[in-house]
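S.K.: Data: run.txt, compact mmCIF, C-alpha atoms and all ligand atoms.
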```txt
# COMPACT_ATOMS: atom_id res chain seq x y z
CA MET A 1 58.81 -170.18 -49.92
CA THR A 2 56.60 -171.37 -47.07
CA SER A 3 58.15 -172.49 -43.82
CA HIS A 4 57.22 -176.09 -44.80
CA SER A 5 59.57 -176.02 -47.78
CA VAL A 6 62.62 -175.03 -45.70
CA LEU A 7 64.58 -178.24 -45.34
CA LYS A 8 66.88 -177.35 -42.50
CA PRO A 9 66.91 -175.09 -39.43
CA GLN A 10 67.49 -171.50 -40.52
CA PRO A 11 69.59 -169.09 -38.48
CA ARG A 12 68.38 -165.49 -38.35
CA PRO A 13 69.73 -163.81 -41.54
CA GLU A 14 71.85 -161.33 -39.55
CA ILE A 15 73.79 -164.25 -38.05
CA LEU A 16 74.96 -165.33 -41.51
CA ALA A 17 76.13 -161.76 -42.20
CA ILE A 18 78.75 -162.15 -39.45
CA ASP A 19 82.37 -162.78 -40.38
CA PRO A 20 83.53 -165.14 -37.62
CA TYR A 21 86.32 -163.84 -35.36
CA VAL A 22 89.62 -165.45 -36.35
CA PRO A 23 92.06 -165.73 -33.43
CA GLY A 24 95.82 -165.18 -33.85
CA LYS A 25 97.79 -168.08 -35.33
CA SER A 26 99.77 -170.23 -32.91
CA ARG A 27 101.54 -172.89 -35.01
CA VAL A 28 103.88 -172.93 -37.97
CA PRO A 29 104.16 -176.31 -39.70
CA GLY A 30 107.78 -177.40 -39.90
CA VAL A 31 109.14 -174.76 -37.51
CA ALA A 32 110.12 -176.22 -34.15
CA ARG A 33 110.68 -173.07 -32.06
CA VAL A 34 107.73 -170.72 -32.36
CA HIS A 35 107.27 -167.35 -30.66
CA LYS A 36 103.58 -166.53 -30.60
CA LEU A 37 103.39 -162.75 -30.68
CA SER A 38 99.92 -162.61 -32.19
CA SER A 39 97.42 -162.59 -29.31
CA ASN A 40 98.65 -160.04 -26.75
CA GLU A 41 99.25 -162.76 -24.19
CA SER A 42 101.58 -162.21 -21.24
CA PRO A 43 105.18 -163.32 -21.83
CA LEU A 44 105.52 -163.78 -18.06
CA GLY A 45 102.68 -166.29 -17.87
CA PRO A 46 100.36 -166.52 -14.88
CA SER A 47 101.22 -166.07 -11.22
CA PRO A 48 102.55 -169.31 -9.66
CA ARG A 49 99.84 -168.80 -7.04
CA ALA A 50 97.18 -168.99 -9.74
CA VAL A 51 98.70 -172.20 -11.10
CA GLU A 52 98.70 -173.65 -7.58
CA ALA A 53 95.05 -172.67 -7.11
CA VAL A 54 94.10 -174.56 -10.27
CA ARG A 55 96.03 -177.65 -9.13
CA ALA A 56 94.32 -177.53 -5.75
CA LEU A 57 90.96 -177.70 -7.48
CA ALA A 58 91.78 -180.85 -9.42
CA GLY A 59 90.53 -183.04 -6.58
CA SER A 60 86.97 -181.70 -6.64
CA LEU A 61 86.03 -181.43 -10.30
CA GLU A 62 82.68 -183.16 -9.71
CA LEU A 63 81.38 -180.09 -7.89
CA TYR A 64 79.62 -177.19 -9.56
CA PRO A 65 81.41 -173.88 -9.10
CA ASP A 66 79.88 -170.94 -7.23
CA GLY A 67 77.45 -169.60 -9.83
CA ALA A 68 77.83 -166.06 -8.51
CA SER A 69 81.67 -166.04 -8.53
CA THR A 70 81.39 -164.55 -5.05
CA ALA A 71 85.01 -164.87 -3.88
CA LEU A 72 86.32 -163.48 -7.15
CA ARG A 73 83.92 -160.53 -7.13
CA GLU A 74 84.89 -159.80 -3.54
CA ALA A 75 88.61 -160.00 -4.38
CA ILE A 76 88.12 -157.61 -7.33
CA GLY A 77 86.08 -155.32 -5.07
CA ARG A 78 88.90 -155.26 -2.46
CA ARG A 79 91.57 -154.63 -5.08
CA TYR A 80 89.77 -151.70 -6.72
CA GLY A 81 87.63 -150.41 -3.85
CA LEU A 82 84.36 -151.41 -5.57
CA ASP A 83 81.03 -152.77 -4.41
CA PRO A 84 81.06 -156.50 -5.36
CA ALA A 85 77.31 -156.32 -5.95
CA ARG A 86 78.01 -154.11 -8.95
CA ILE A 87 80.59 -156.49 -10.43
CA ILE A 88 79.73 -159.31 -12.81
CA CYS A 89 82.25 -161.92 -13.90
CA GLY A 90 82.25 -163.43 -17.37
CA ASN A 91 83.79 -166.29 -19.32
CA GLY A 92 86.33 -163.81 -20.65
CA SER A 93 85.30 -160.21 -21.15
CA ASP A 94 84.14 -161.39 -24.59
CA GLU A 95 81.12 -163.00 -22.98
CA LEU A 96 80.18 -159.78 -21.23
CA LEU A 97 80.68 -157.64 -24.35
CA ALA A 98 78.26 -159.95 -26.20
CA LEU A 99 75.72 -160.08 -23.36
CA LEU A 100 75.61 -156.28 -23.22
CA ALA A 101 74.54 -156.14 -26.87
CA HIS A 102 71.96 -158.91 -26.37
CA VAL A 103 70.46 -157.14 -23.40
CA PHE A 104 70.46 -153.53 -24.56
CA LEU A 105 69.91 -153.67 -28.33
CA HIS A 106 66.34 -154.02 -29.52
CA PRO A 107 65.98 -155.36 -33.09
CA GLY A 108 67.20 -152.73 -35.54
CA ASP A 109 68.90 -150.58 -32.89
CA GLU A 110 72.35 -149.24 -33.67
CA GLY A 111 75.59 -150.19 -31.96
CA LEU A 112 78.41 -147.72 -32.49
CA TYR A 113 82.16 -148.27 -32.41
CA SER A 114 85.19 -146.67 -33.97
CA GLN A 115 86.90 -147.57 -37.25
CA TYR A 116 89.70 -149.77 -35.93
CA GLY A 117 87.85 -150.82 -32.80
CA PHE A 118 88.13 -154.38 -31.49
CA LEU A 119 86.55 -156.76 -34.03
CA THR A 120 84.18 -158.49 -31.67
CA TYR A 121 82.04 -155.33 -31.38
CA PRO A 122 80.36 -155.64 -34.80
CA ILE A 123 79.97 -159.37 -34.18
CA CYS A 124 78.23 -158.72 -30.86
CA ILE A 125 76.01 -156.05 -32.40
CA ARG A 126 74.94 -158.15 -35.38
CA ALA A 127 74.41 -161.27 -33.29
CA ALA A 128 72.03 -159.30 -31.12
CA GLY A 129 70.00 -158.19 -34.14
CA GLY A 130 71.47 -154.70 -34.11
CA VAL A 131 72.99 -152.57 -36.84
CA PRO A 132 76.74 -151.87 -36.58
CA VAL A 133 77.66 -148.22 -37.17
CA VAL A 134 81.29 -147.15 -37.56
CA ALA A 135 82.83 -143.75 -36.78
CA SER A 136 86.07 -142.79 -38.48
CA GLU A 137 89.30 -142.36 -36.52
CA THR A 138 92.04 -139.75 -36.63
CA ASP A 139 95.63 -141.01 -36.63
CA LYS A 140 94.33 -144.50 -35.82
CA THR A 141 92.80 -143.09 -32.63
CA ALA A 142 89.14 -142.93 -31.64
CA ASN A 143 87.69 -139.50 -32.38
CA VAL A 144 84.96 -138.36 -29.98
CA ASP A 145 83.47 -135.84 -32.38
CA ALA A 146 83.26 -138.48 -35.13
CA LEU A 147 81.57 -140.88 -32.70
CA LEU A 148 79.10 -138.26 -31.54
CA ALA A 149 78.30 -137.33 -35.15
CA LYS A 150 77.10 -140.91 -35.70
CA VAL A 151 74.78 -141.02 -32.70
CA THR A 152 71.09 -141.24 -33.61
CA ALA A 153 67.91 -141.86 -31.67
CA ARG A 154 68.50 -145.59 -32.36
CA THR A 155 72.02 -145.73 -30.90
CA LYS A 156 71.66 -147.89 -27.80
CA ILE A 157 75.24 -149.00 -27.22
CA VAL A 158 78.68 -147.48 -27.86
CA TYR A 159 81.76 -149.67 -27.51
CA LEU A 160 85.04 -147.91 -26.85
CA ALA A 161 88.22 -149.91 -26.33
CA ASN A 162 90.58 -147.69 -24.37
CA PRO A 163 93.36 -148.42 -25.12
CA ASN A 164 92.26 -149.92 -28.38
CA ASN A 165 93.32 -153.22 -29.87
CA PRO A 166 94.85 -153.50 -32.50
CA THR A 167 96.10 -149.90 -32.73
CA GLY A 168 97.40 -149.49 -29.15
CA THR A 169 96.17 -145.91 -29.09
CA TYR A 170 94.04 -144.34 -26.34
CA ILE A 171 92.01 -141.24 -25.64
CA PRO A 172 92.44 -139.20 -22.43
CA PHE A 173 89.81 -139.64 -19.75
CA SER A 174 88.66 -136.05 -20.32
CA GLU A 175 87.67 -137.16 -23.85
CA VAL A 176 85.84 -140.24 -22.54
CA LYS A 177 83.92 -137.93 -20.20
CA ARG A 178 83.14 -135.56 -23.06
CA LEU A 179 81.81 -138.48 -25.10
CA HIS A 180 79.66 -139.65 -22.22
CA ALA A 181 78.35 -136.16 -21.46
CA SER A 182 76.95 -135.82 -24.99
CA LEU A 183 75.40 -139.28 -25.24
CA PRO A 184 71.66 -139.66 -24.65
CA LYS A 185 70.84 -141.13 -21.25
CA HIS A 186 69.35 -144.22 -22.92
CA THR A 187 72.65 -145.04 -24.68
CA LEU A 188 74.99 -147.39 -22.87
CA LEU A 189 78.70 -146.54 -23.06
CA VAL A 190 80.83 -149.67 -22.76
CA ILE A 191 84.42 -148.83 -21.89
CA ASP A 192 86.53 -151.87 -22.70
CA ALA A 193 89.68 -151.42 -20.62
CA ALA A 194 91.30 -154.79 -21.33
CA TYR A 195 94.79 -153.23 -21.38
CA ALA A 196 94.31 -150.64 -18.61
CA GLU A 197 97.08 -151.97 -16.38
CA TYR A 198 99.75 -151.35 -19.01
CA VAL A 199 98.94 -147.67 -19.51
CA ASN A 200 101.29 -145.21 -17.82
CA ARG A 201 99.87 -141.86 -18.87
CA ASN A 202 98.69 -139.19 -16.43
CA ASP A 203 95.65 -138.30 -18.50
CA TYR A 204 94.37 -141.90 -18.70
CA ALA A 205 91.77 -143.57 -16.50
CA ALA A 206 90.16 -146.94 -17.09
CA GLY A 207 86.65 -145.64 -16.42
CA LEU A 208 85.86 -146.73 -12.86
CA GLU A 209 84.86 -143.22 -11.90
CA LEU A 210 82.29 -142.93 -14.69
CA ALA A 211 80.99 -146.47 -14.24
CA SER A 212 80.55 -145.70 -10.53
CA SER A 213 78.54 -142.54 -11.02
CA ALA A 214 76.63 -142.91 -14.29
CA GLU A 215 73.68 -145.24 -14.92
CA ASN A 216 74.67 -145.69 -18.57
CA VAL A 217 78.36 -146.64 -18.32
CA VAL A 218 79.88 -150.09 -17.96
CA MET A 219 83.60 -150.79 -17.75
CA THR A 220 84.89 -154.23 -18.78
CA ARG A 221 88.21 -155.76 -17.74
CA THR A 222 90.04 -159.02 -18.30
CA PHE A 223 92.44 -161.43 -16.64
CA SER A 224 93.67 -162.51 -20.08
CA LYS A 225 96.33 -159.84 -20.47
CA ILE A 226 98.23 -158.56 -17.42
CA HIS A 227 97.31 -161.62 -15.32
CA GLY A 228 98.43 -164.06 -18.02
CA LEU A 229 95.27 -166.16 -17.63
CA ALA A 230 93.79 -166.03 -21.15
CA GLY A 231 93.35 -169.81 -21.20
CA LEU A 232 91.01 -169.79 -18.22
CA ARG A 233 88.66 -167.12 -19.67
CA ILE A 234 88.06 -164.58 -16.89
CA GLY A 235 86.57 -161.15 -17.47
CA TRP A 236 84.55 -158.78 -15.36
CA ALA A 237 82.39 -155.72 -15.72
CA TYR A 238 81.45 -152.95 -13.35
CA GLY A 239 78.35 -150.83 -13.77
CA SER A 240 75.10 -149.62 -12.29
CA ALA A 241 72.78 -151.93 -10.36
CA HIS A 242 70.26 -151.52 -13.21
CA VAL A 243 72.69 -152.80 -15.86
CA LEU A 244 74.03 -155.57 -13.61
CA ASP A 245 70.56 -156.80 -12.80
CA ALA A 246 69.79 -157.29 -16.50
CA LEU A 247 73.10 -159.03 -17.23
CA ASN A 248 72.70 -161.39 -14.30
CA ARG A 249 69.33 -162.53 -15.64
CA VAL A 250 70.82 -163.79 -18.91
CA ARG A 251 74.33 -164.99 -18.14
CA GLY A 252 74.92 -168.72 -17.84
CA PRO A 253 74.17 -169.87 -14.29
CA PHE A 254 77.75 -171.19 -13.90
CA ASN A 255 79.48 -169.06 -16.50
CA LEU A 256 82.86 -169.07 -14.73
CA ASN A 257 84.37 -172.44 -14.00
CA GLY A 258 85.85 -173.14 -10.59
CA ALA A 259 89.47 -173.11 -11.76
CA ALA A 260 88.98 -169.67 -13.28
CA GLN A 261 87.45 -168.31 -10.08
CA ALA A 262 90.20 -169.73 -7.86
CA ALA A 263 93.01 -168.63 -10.16
CA GLY A 264 91.55 -165.14 -10.45
CA VAL A 265 91.47 -164.68 -6.67
CA ALA A 266 95.03 -166.00 -6.28
CA SER A 267 96.32 -163.82 -9.11
CA LEU A 268 94.86 -160.64 -7.63
CA GLU A 269 96.76 -161.37 -4.42
CA ASP A 270 100.08 -161.69 -6.25
CA VAL A 271 100.74 -157.98 -6.62
CA ALA A 272 104.46 -158.57 -7.25
CA HIS A 273 103.66 -160.69 -10.30
CA ILE A 274 101.38 -158.02 -11.75
CA GLU A 275 103.99 -155.34 -11.10
CA GLY A 276 106.58 -157.56 -12.77
CA ALA A 277 104.42 -157.81 -15.88
CA ILE A 278 103.95 -154.02 -15.94
CA ALA A 279 107.71 -153.46 -15.48
CA HIS A 280 108.57 -155.94 -18.24
CA ASN A 281 106.25 -154.15 -20.65
CA ALA A 282 107.59 -150.73 -19.64
CA VAL A 283 111.06 -151.83 -20.73
CA TRP A 284 110.28 -153.81 -23.88
CA LEU A 285 107.41 -151.86 -25.47
CA PRO A 286 109.55 -148.73 -26.01
CA TRP A 287 112.55 -150.87 -26.98
CA LEU A 288 110.57 -152.66 -29.70
CA ALA A 289 109.07 -149.38 -30.89
CA GLU A 290 112.49 -147.75 -31.18
CA GLU A 291 114.11 -150.70 -32.91
CA ALA A 292 111.27 -151.02 -35.42
CA ALA A 293 111.37 -147.28 -36.12
CA LYS A 294 115.15 -147.46 -36.65
CA LEU A 295 114.44 -150.02 -39.36
CA GLY A 296 112.19 -147.53 -41.09
CA ILE A 297 108.97 -149.28 -40.12
CA GLU A 298 106.05 -146.99 -39.26
CA VAL A 299 105.16 -147.55 -35.59
CA THR A 300 101.88 -146.30 -34.14
CA PRO A 301 102.49 -145.01 -30.58
CA SER A 302 101.06 -147.65 -28.23
CA VAL A 303 100.16 -147.72 -24.55
CA GLY A 304 99.26 -151.43 -24.53
CA ASN A 305 101.39 -154.59 -24.63
CA PHE A 306 101.59 -154.62 -28.42
CA LEU A 307 102.59 -152.45 -31.37
CA LEU A 308 100.99 -151.72 -34.70
CA LEU A 309 103.68 -151.87 -37.40
CA THR A 310 102.89 -150.51 -40.85
CA PHE A 311 104.82 -151.56 -43.94
CA PRO A 312 105.22 -150.03 -47.40
CA LYS A 313 103.00 -151.03 -50.32
CA ASP A 314 105.89 -151.96 -52.68
CA ARG A 315 106.01 -155.56 -53.80
CA GLY A 316 108.29 -157.66 -51.64
CA ARG A 317 108.17 -155.14 -48.76
CA THR A 318 104.53 -155.35 -47.72
CA ALA A 319 103.02 -156.45 -44.42
CA SER A 320 102.06 -159.77 -45.92
CA ASP A 321 105.61 -160.29 -47.23
CA ALA A 322 106.91 -159.47 -43.74
CA ASP A 323 104.33 -161.81 -42.21
CA ALA A 324 105.45 -164.71 -44.41
CA PHE A 325 109.15 -163.97 -43.77
CA LEU A 326 108.71 -163.77 -39.99
CA THR A 327 106.40 -166.78 -39.80
CA ALA A 328 108.92 -168.95 -41.65
CA ARG A 329 111.41 -168.01 -38.90
CA GLY A 330 109.01 -168.87 -36.10
CA PHE A 331 107.76 -165.36 -35.24
CA ILE A 332 103.98 -165.21 -35.48
CA LEU A 333 102.50 -161.72 -35.63
CA ARG A 334 98.90 -160.77 -36.22
CA ALA A 335 97.81 -159.91 -39.75
CA LEU A 336 95.13 -157.23 -39.71
CA ALA A 337 93.36 -157.28 -43.07
CA ALA A 338 90.11 -158.12 -41.25
CA TYR A 339 90.46 -154.79 -39.41
CA GLY A 340 90.91 -152.87 -42.67
CA LEU A 341 94.62 -152.59 -41.92
CA PRO A 342 96.16 -154.81 -44.62
CA GLU A 343 99.41 -152.79 -44.51
CA SER A 344 99.97 -153.47 -40.84
CA LEU A 345 100.95 -156.29 -38.50
CA ARG A 346 100.41 -156.34 -34.75
CA LEU A 347 103.36 -157.40 -32.62
CA THR A 348 102.82 -158.45 -29.01
CA VAL A 349 105.61 -157.70 -26.52
CA GLY A 350 107.24 -161.05 -25.80
CA ASP A 351 110.01 -162.29 -23.55
CA GLU A 352 113.53 -161.01 -24.12
CA GLU A 353 114.46 -163.83 -26.49
CA ALA A 354 111.36 -163.29 -28.64
CA ASN A 355 111.76 -159.51 -28.68
CA ARG A 356 115.41 -159.60 -29.70
CA GLY A 357 114.71 -162.37 -32.17
CA VAL A 358 111.81 -160.66 -33.90
CA VAL A 359 113.78 -157.42 -34.26
CA ALA A 360 116.70 -159.34 -35.78
CA ALA A 361 114.32 -161.08 -38.19
CA LEU A 362 112.68 -157.76 -39.11
CA ALA A 363 116.11 -156.27 -39.76
CA GLU A 364 116.94 -159.22 -42.01
CA PHE A 365 113.64 -158.72 -43.86
CA ILE A 366 114.18 -155.00 -44.38
CA ARG A 367 117.85 -155.37 -45.34
CA GLY A 368 117.25 -158.30 -47.61
CA LYS A 369 114.55 -156.40 -49.41
CA SER A 370 116.38 -153.08 -49.79
CA ASP A 371 119.76 -154.49 -50.96
C1 LIG B 1 90.17 -154.70 -26.51
C2 LIG B 1 89.90 -156.09 -26.07
N1 LIG B 1 88.78 -156.34 -25.39
C3 LIG B 1 88.45 -157.57 -24.98
C4 LIG B 1 89.27 -158.65 -25.25
C5 LIG B 1 88.80 -160.01 -24.85
O1 LIG B 1 89.42 -160.46 -23.75
P1 LIG B 1 88.94 -161.79 -23.01
O2 LIG B 1 90.07 -162.73 -23.15
O3 LIG B 1 88.72 -161.33 -21.61
O4 LIG B 1 87.68 -162.27 -23.63
C6 LIG B 1 90.46 -158.46 -25.94
C7 LIG B 1 91.31 -159.61 -26.26
O5 LIG B 1 92.15 -159.61 -27.13
C8 LIG B 1 90.77 -157.15 -26.37
O6 LIG B 1 91.87 -156.91 -27.08
```
Taking this structure as input, can you express it in the form of structure tokens?

M.R.:
Amino acid sequence: MTSHSVLKPQPRPEILAIDPYVPGKSRVPGVARVHKLSSNESPLGPSPRAVEAVRALAGSLELYPDGASTALREAIGRRYGLDPARIICGNGSDELLALLAHVFLHPGDEGLYSQYGFLTYPICIRAAGGVPVVASETDKTANVDALLAKVTARTKIVYLANPNNPTGTYIPFSEVKRLHASLPKHTLLVIDAAYAEYVNRNDYAAGLELASSAENVVMTRTFSKIHGLAGLRIGWAYGSAHVLDALNRVRGPFNLNGAAQAAGVASLEDVAHIEGAIAHNAVWLPWLAEEAAKLGIEVTPSVGNFLLLTFPKDRGRTASDADAFLTARGFILRALAAYGLPESLRLTVGDEEANRGVVAALAEFIRGKSD
């Protein structure tokens, strides 16, 4: 077929090989009271200061925002002791994860991630013309040796979510350093630390230290989780001047809207709100894990704000049966067939009412099915 006979614009073939990312459900037809526990959002919502900052901006919507997100980068720099020049803000960390693939993958290069890694990684890799390569996990946890075994001369980017979504598992910082130490210098290690604030383990670190010292490490973070600002789309990345320079050349000139920038600054200042969100999770994550385990559900140990629950394969007792049962009662969890985890559902920590309610509904499901 010559190009003249093609009757409509043709996307690159690798684009059509992408399965689009499907976000968590948020509505149940016919059910009035719905608890959305499917997208790892914060049950505490945003800081009131962030809400106020957005309101204050409503009078000047005709103005372009600061294209460099200067105040927000400076606020992040103050909060974490970082050089704002080495911070880039994104329209959600999603934007930055995608830009990294576009910038660092040449056509046919490989992008590596682990088996149950966050689903946008293969999308980012394919969209950039790269080849996704998957390393197997052990106990639903990234395995550094398995990742290293898949590294070839063509591996230009490695995505590691730590902790990982949807499993909730993490690897100690010593393991992240071991991974980095064995990667070629031309391979970029992207440490996606979207859930870092929730982790309370002594052997965990988000990756600032590595991203500060190594030329080939970038750490990404988000305001969508602990800050409760998913709707405004605010992410950021920290890395070497070399990496930042490339990203800044290709990002949209005004990629963060003004409301996002203002809310991000205000949220960082509200330390009590962030601590409240951490404290809430520290109470309810273990409570949900214990209650689910008491019901005989397999619970993967999680350090995030969500739990991976695995159900039996017997008819009537499966994850999809549980999903239908819970959804009909207004509890929306995340089905994970797209992750290769059809036997599991992901449950986000909610407010007290949602947490108690979902456990009661799970108990009803399990009892009803075993009687
Ligand atoms: C591991 C991980 N990385 C990145 C993101 C994207 O976050 P953002 O809302 O900043 O795009 C998510 C959101 O669910 C996530 O789970």

S.K.: Name the residues, by chain letter and number, that sit within 7 Å of ligand LIG 1 (chain B) using only C-alpha atoms and all ligand atoms, and give them as a list in words.

M.R.: Ser39, Asn40, Gly92, Ser93, Asp94, Glu95, Phe118, Ala161, Asn164, Asn165, Asp192, Ala193, Ala194, Arg221, Thr222, Phe223, Ser224, Ala230, Arg233, Ile234 and Gly235 of chain A

S.K.: Quote the spacing between CA of Pro23 in chain A and CA of Val51 in chain A in Å to one decimal place.

M.R.: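 Taking CA of Pro23 in chain A and CA of Val51 in chain A, their separation equals 24.2 Å.
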
S.K.: At most 7 Å is the cut-off: for each residue in range 244-307 of chain A with any atom that close to an atom of range 344-349 of chain A, write down the nearest atom pair and the distance in Å rounded to one decimal, counting all atoms listed in the file, chain first then increasing number, as a tab-separated table.

M.R.:
```
residue	atom	partner	partner_atom	distance
A:Asn281	CA	A:Val349	CA	6.9
A:Trp284	CA	A:Val349	CA	6.6
A:Leu285	CA	A:Val349	CA	6.2
A:Asn305	CA	A:Val349	CA	5.6
A:Phe306	CA	A:Thr348	CA	4.1
A:Leu307	CA	A:Leu347	CA	5.2
```

S.K.: Can you tell me how far CA of Asn143 in chain A sits from CA of Leu112 in chain A, in Å to one decimal?

M.R.: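 Interatomic distance here is 12.4 Å.
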
S.K.: So the first atom is CA of Val133 in chain A and the second is CA of Gly24 in chain A; what is the distance between them in Å, to one decimal place?

M.R.: 25.1 Å

S.K.: For His35 in chain A, which residue among A:Pro342, A:Gly368, A:Gly350, A:Gly228 is the nearest when counting only C-alpha atoms?

M.R.: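 Result for the nearest residue to His35 in chain A: A:Gly350.
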
S.K.: Return the single residue from A:Ala196, A:Ile123, A:Leu179, A:Ala262 that is closest to Asp145 in chain A, with distances computed using all atoms listed in the file.

M.R.: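 Result for the nearest residue to Asp145 in chain A: A:Leu179.
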
S.K.: Select, from A:Arg356, A:Pro107, A:Ser38, A:Ala324, the residue with the minimum atom-to-atom distance to Lys25 in chain A, counting only C-alpha atoms.

M.R.: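 That would be A:Ser38, the residue with the smallest distance to Lys25 in chain A.
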
S.K.: Between A:Trp236, A:Tyr339, A:Phe365, A:Tyr159, single out the one closest to Arg317 in chain A, counting only C-alpha atoms.

M.R.: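 Checking each candidate against Arg317 in chain A, we get A:Phe365 as the closest.
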
S.K.: Quick one: residues within 10 Å of Thr70 in chain A, only C-alpha atoms, excluding same-chain residues fewer than 2 positions away - as a VMD selection string?

M.R.: chain A and resid 66 to 68 72 to 76 84 to 85 87 to 89 261

S.K.: Ranking A:Ala260, A:Ala32, A:Leu99, A:Ala17 by minimum distance to Pro65 in chain A and counting all atoms listed in the file, which one comes first?

M.R.: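 Nearest candidate to Pro65 in chain A out of A:Ala260, A:Ala32, A:Leu99, A:Ala17: A:Ala260.
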
S.K.: I'd like to know which of A:Leu256, A:Val103, A:Val283, A:Ala127 is closest to Leu16 in chain A, using all atoms listed in the file.

M.R.: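 Using all atoms listed in the file, Leu16 in chain A sits closest to A:Ala127.
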
S.K.: Mind checking which residues fall within 9 Å of Ile274 in chain A, counting only C-alpha atoms, ignoring those fewer than 5 positions away in the same chain, and posting them as JSON, numbers by chain?

M.R.: {"A": [47, 197, 226, 227, 267, 268, 279]}

S.K.: Tell me which protein, DNA and RNA residues are within 7 Å of Phe311 in chain A, counting only C-alpha atoms, leaving out same-chain ones fewer than 4 positions away, and put them as JSON, numbers by chain.

M.R.: {"A": [297, 298, 317, 318, 319, 343, 344]}

S.K.: For the selection just defined, write its residues with C-alpha atoms to a file, as an mmCIF file, in the coordinates of the input.

M.R.:
```cif
data_model
loop_
_atom_site.group_PDB
_atom_site.id
_atom_site.type_symbol
_atom_site.label_atom_id
_atom_site.label_comp_id
_atom_site.auth_asym_id
_atom_site.auth_seq_id
_atom_site.Cartn_x
_atom_site.Cartn_y
_atom_site.Cartn_z
ATOM 1 C CA ILE A 297 108.970 -149.280 -40.120
ATOM 2 C CA GLU A 298 106.050 -146.990 -39.260
ATOM 3 C CA ARG A 317 108.170 -155.140 -48.760
ATOM 4 C CA THR A 318 104.530 -155.350 -47.720
ATOM 5 C CA ALA A 319 103.020 -156.450 -44.420
ATOM 6 C CA GLU A 343 99.410 -152.790 -44.510
ATOM 7 C CA SER A 344 99.970 -153.470 -40.840
#
```

S.K.: List every protein, DNA or RNA residue that has at least one atom no more than 9 Å from (84.1, -148.6, -29.4) in the file's coordinates, counting all atoms listed in the file, and write the result as a ChimeraX atom specification.

M.R.: /A:112-118,121,134-135,142,147,158-162,164,189-192

S.K.: Got time to write the residues from that selection, C-alpha atoms, as a compact mmCIF listing (two decimals), in the coordinates of the input?

M.R.:
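Result file follows (again-v1.txt):
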```
# COMPACT_ATOMS: atom_id res chain seq x y z
CA LEU A 112 78.41 -147.72 -32.49
CA TYR A 113 82.16 -148.27 -32.41
CA SER A 114 85.19 -146.67 -33.97
CA GLN A 115 86.90 -147.57 -37.25
CA TYR A 116 89.70 -149.77 -35.93
CA GLY A 117 87.85 -150.82 -32.80
CA PHE A 118 88.13 -154.38 -31.49
CA TYR A 121 82.04 -155.33 -31.38
CA VAL A 134 81.29 -147.15 -37.56
CA ALA A 135 82.83 -143.75 -36.78
CA ALA A 142 89.14 -142.93 -31.64
CA LEU A 147 81.57 -140.88 -32.70
CA VAL A 158 78.68 -147.48 -27.86
CA TYR A 159 81.76 -149.67 -27.51
CA LEU A 160 85.04 -147.91 -26.85
CA ALA A 161 88.22 -149.91 -26.33
CA ASN A 162 90.58 -147.69 -24.37
CA ASN A 164 92.26 -149.92 -28.38
CA LEU A 189 78.70 -146.54 -23.06
CA VAL A 190 80.83 -149.67 -22.76
CA ILE A 191 84.42 -148.83 -21.89
CA ASP A 192 86.53 -151.87 -22.70
```

S.K.: Within 10 Å of Leu247 in chain A, counting only C-alpha atoms, which residues qualify if same-chain residues fewer than 5 places away don't, as number ranges by chain?

M.R.: A: 88, 96, 99-100, 102-104, 237, 241-242, 252

S.K.: Write out as a ChimeraX atom specification which residues come within 9 Å of Ser302 in chain A when counting all atoms listed in the file, dropping same-chain ones fewer than 3 positions away.

M.R.: /A:163,167-170,199,285-286,289,299,305-308

S.K.: Supply range 127-135 of chain A as a PDB file, keeping the file's coordinate frame, with N, CA and C atoms built in where the input has gaps.

M.R.:
```pdb
ATOM      1  N   ALA A 127      74.985-160.066 -33.900  1.00  0.00           N
ATOM      2  CA  ALA A 127      74.410-161.270 -33.290  1.00  0.00           C
ATOM      3  C   ALA A 127      73.195-160.933 -32.442  1.00  0.00           C
ATOM      4  N   ALA A 128      73.164-159.712 -31.951  1.00  0.00           N
ATOM      5  CA  ALA A 128      72.030-159.300 -31.120  1.00  0.00           C
ATOM      6  C   ALA A 128      70.893-158.722 -31.963  1.00  0.00           C
ATOM      7  N   GLY A 129      71.059-158.736 -33.276  1.00  0.00           N
ATOM      8  CA  GLY A 129      70.000-158.190 -34.140  1.00  0.00           C
ATOM      9  C   GLY A 129      70.125-156.702 -34.343  1.00  0.00           C
ATOM     10  N   GLY A 130      71.266-156.136 -33.960  1.00  0.00           N
ATOM     11  CA  GLY A 130      71.470-154.700 -34.110  1.00  0.00           C
ATOM     12  C   GLY A 130      72.187-154.356 -35.406  1.00  0.00           C
ATOM     13  N   VAL A 131      72.339-153.062 -35.625  1.00  0.00           N
ATOM     14  CA  VAL A 131      72.990-152.570 -36.840  1.00  0.00           C
ATOM     15  C   VAL A 131      74.319-151.932 -36.434  1.00  0.00           C
ATOM     16  N   PRO A 132      75.452-152.481 -36.930  1.00  0.00           N
ATOM     17  CA  PRO A 132      76.740-151.870 -36.580  1.00  0.00           C
ATOM     18  C   PRO A 132      76.944-150.541 -37.302  1.00  0.00           C
ATOM     19  N   VAL A 133      77.376-149.536 -36.575  1.00  0.00           N
ATOM     20  CA  VAL A 133      77.660-148.220 -37.170  1.00  0.00           C
ATOM     21  C   VAL A 133      79.102-147.854 -36.782  1.00  0.00           C
ATOM     22  N   VAL A 134      79.866-147.409 -37.772  1.00  0.00           N
ATOM     23  CA  VAL A 134      81.290-147.150 -37.560  1.00  0.00           C
ATOM     24  C   VAL A 134      81.586-145.663 -37.651  1.00  0.00           C
ATOM     25  N   ALA A 135      82.386-145.153 -36.721  1.00  0.00           N
ATOM     26  CA  ALA A 135      82.830-143.750 -36.780  1.00  0.00           C
ATOM     27  C   ALA A 135      84.300-143.731 -37.167  1.00  0.00           C
TER      28      ALA A 135
END
```
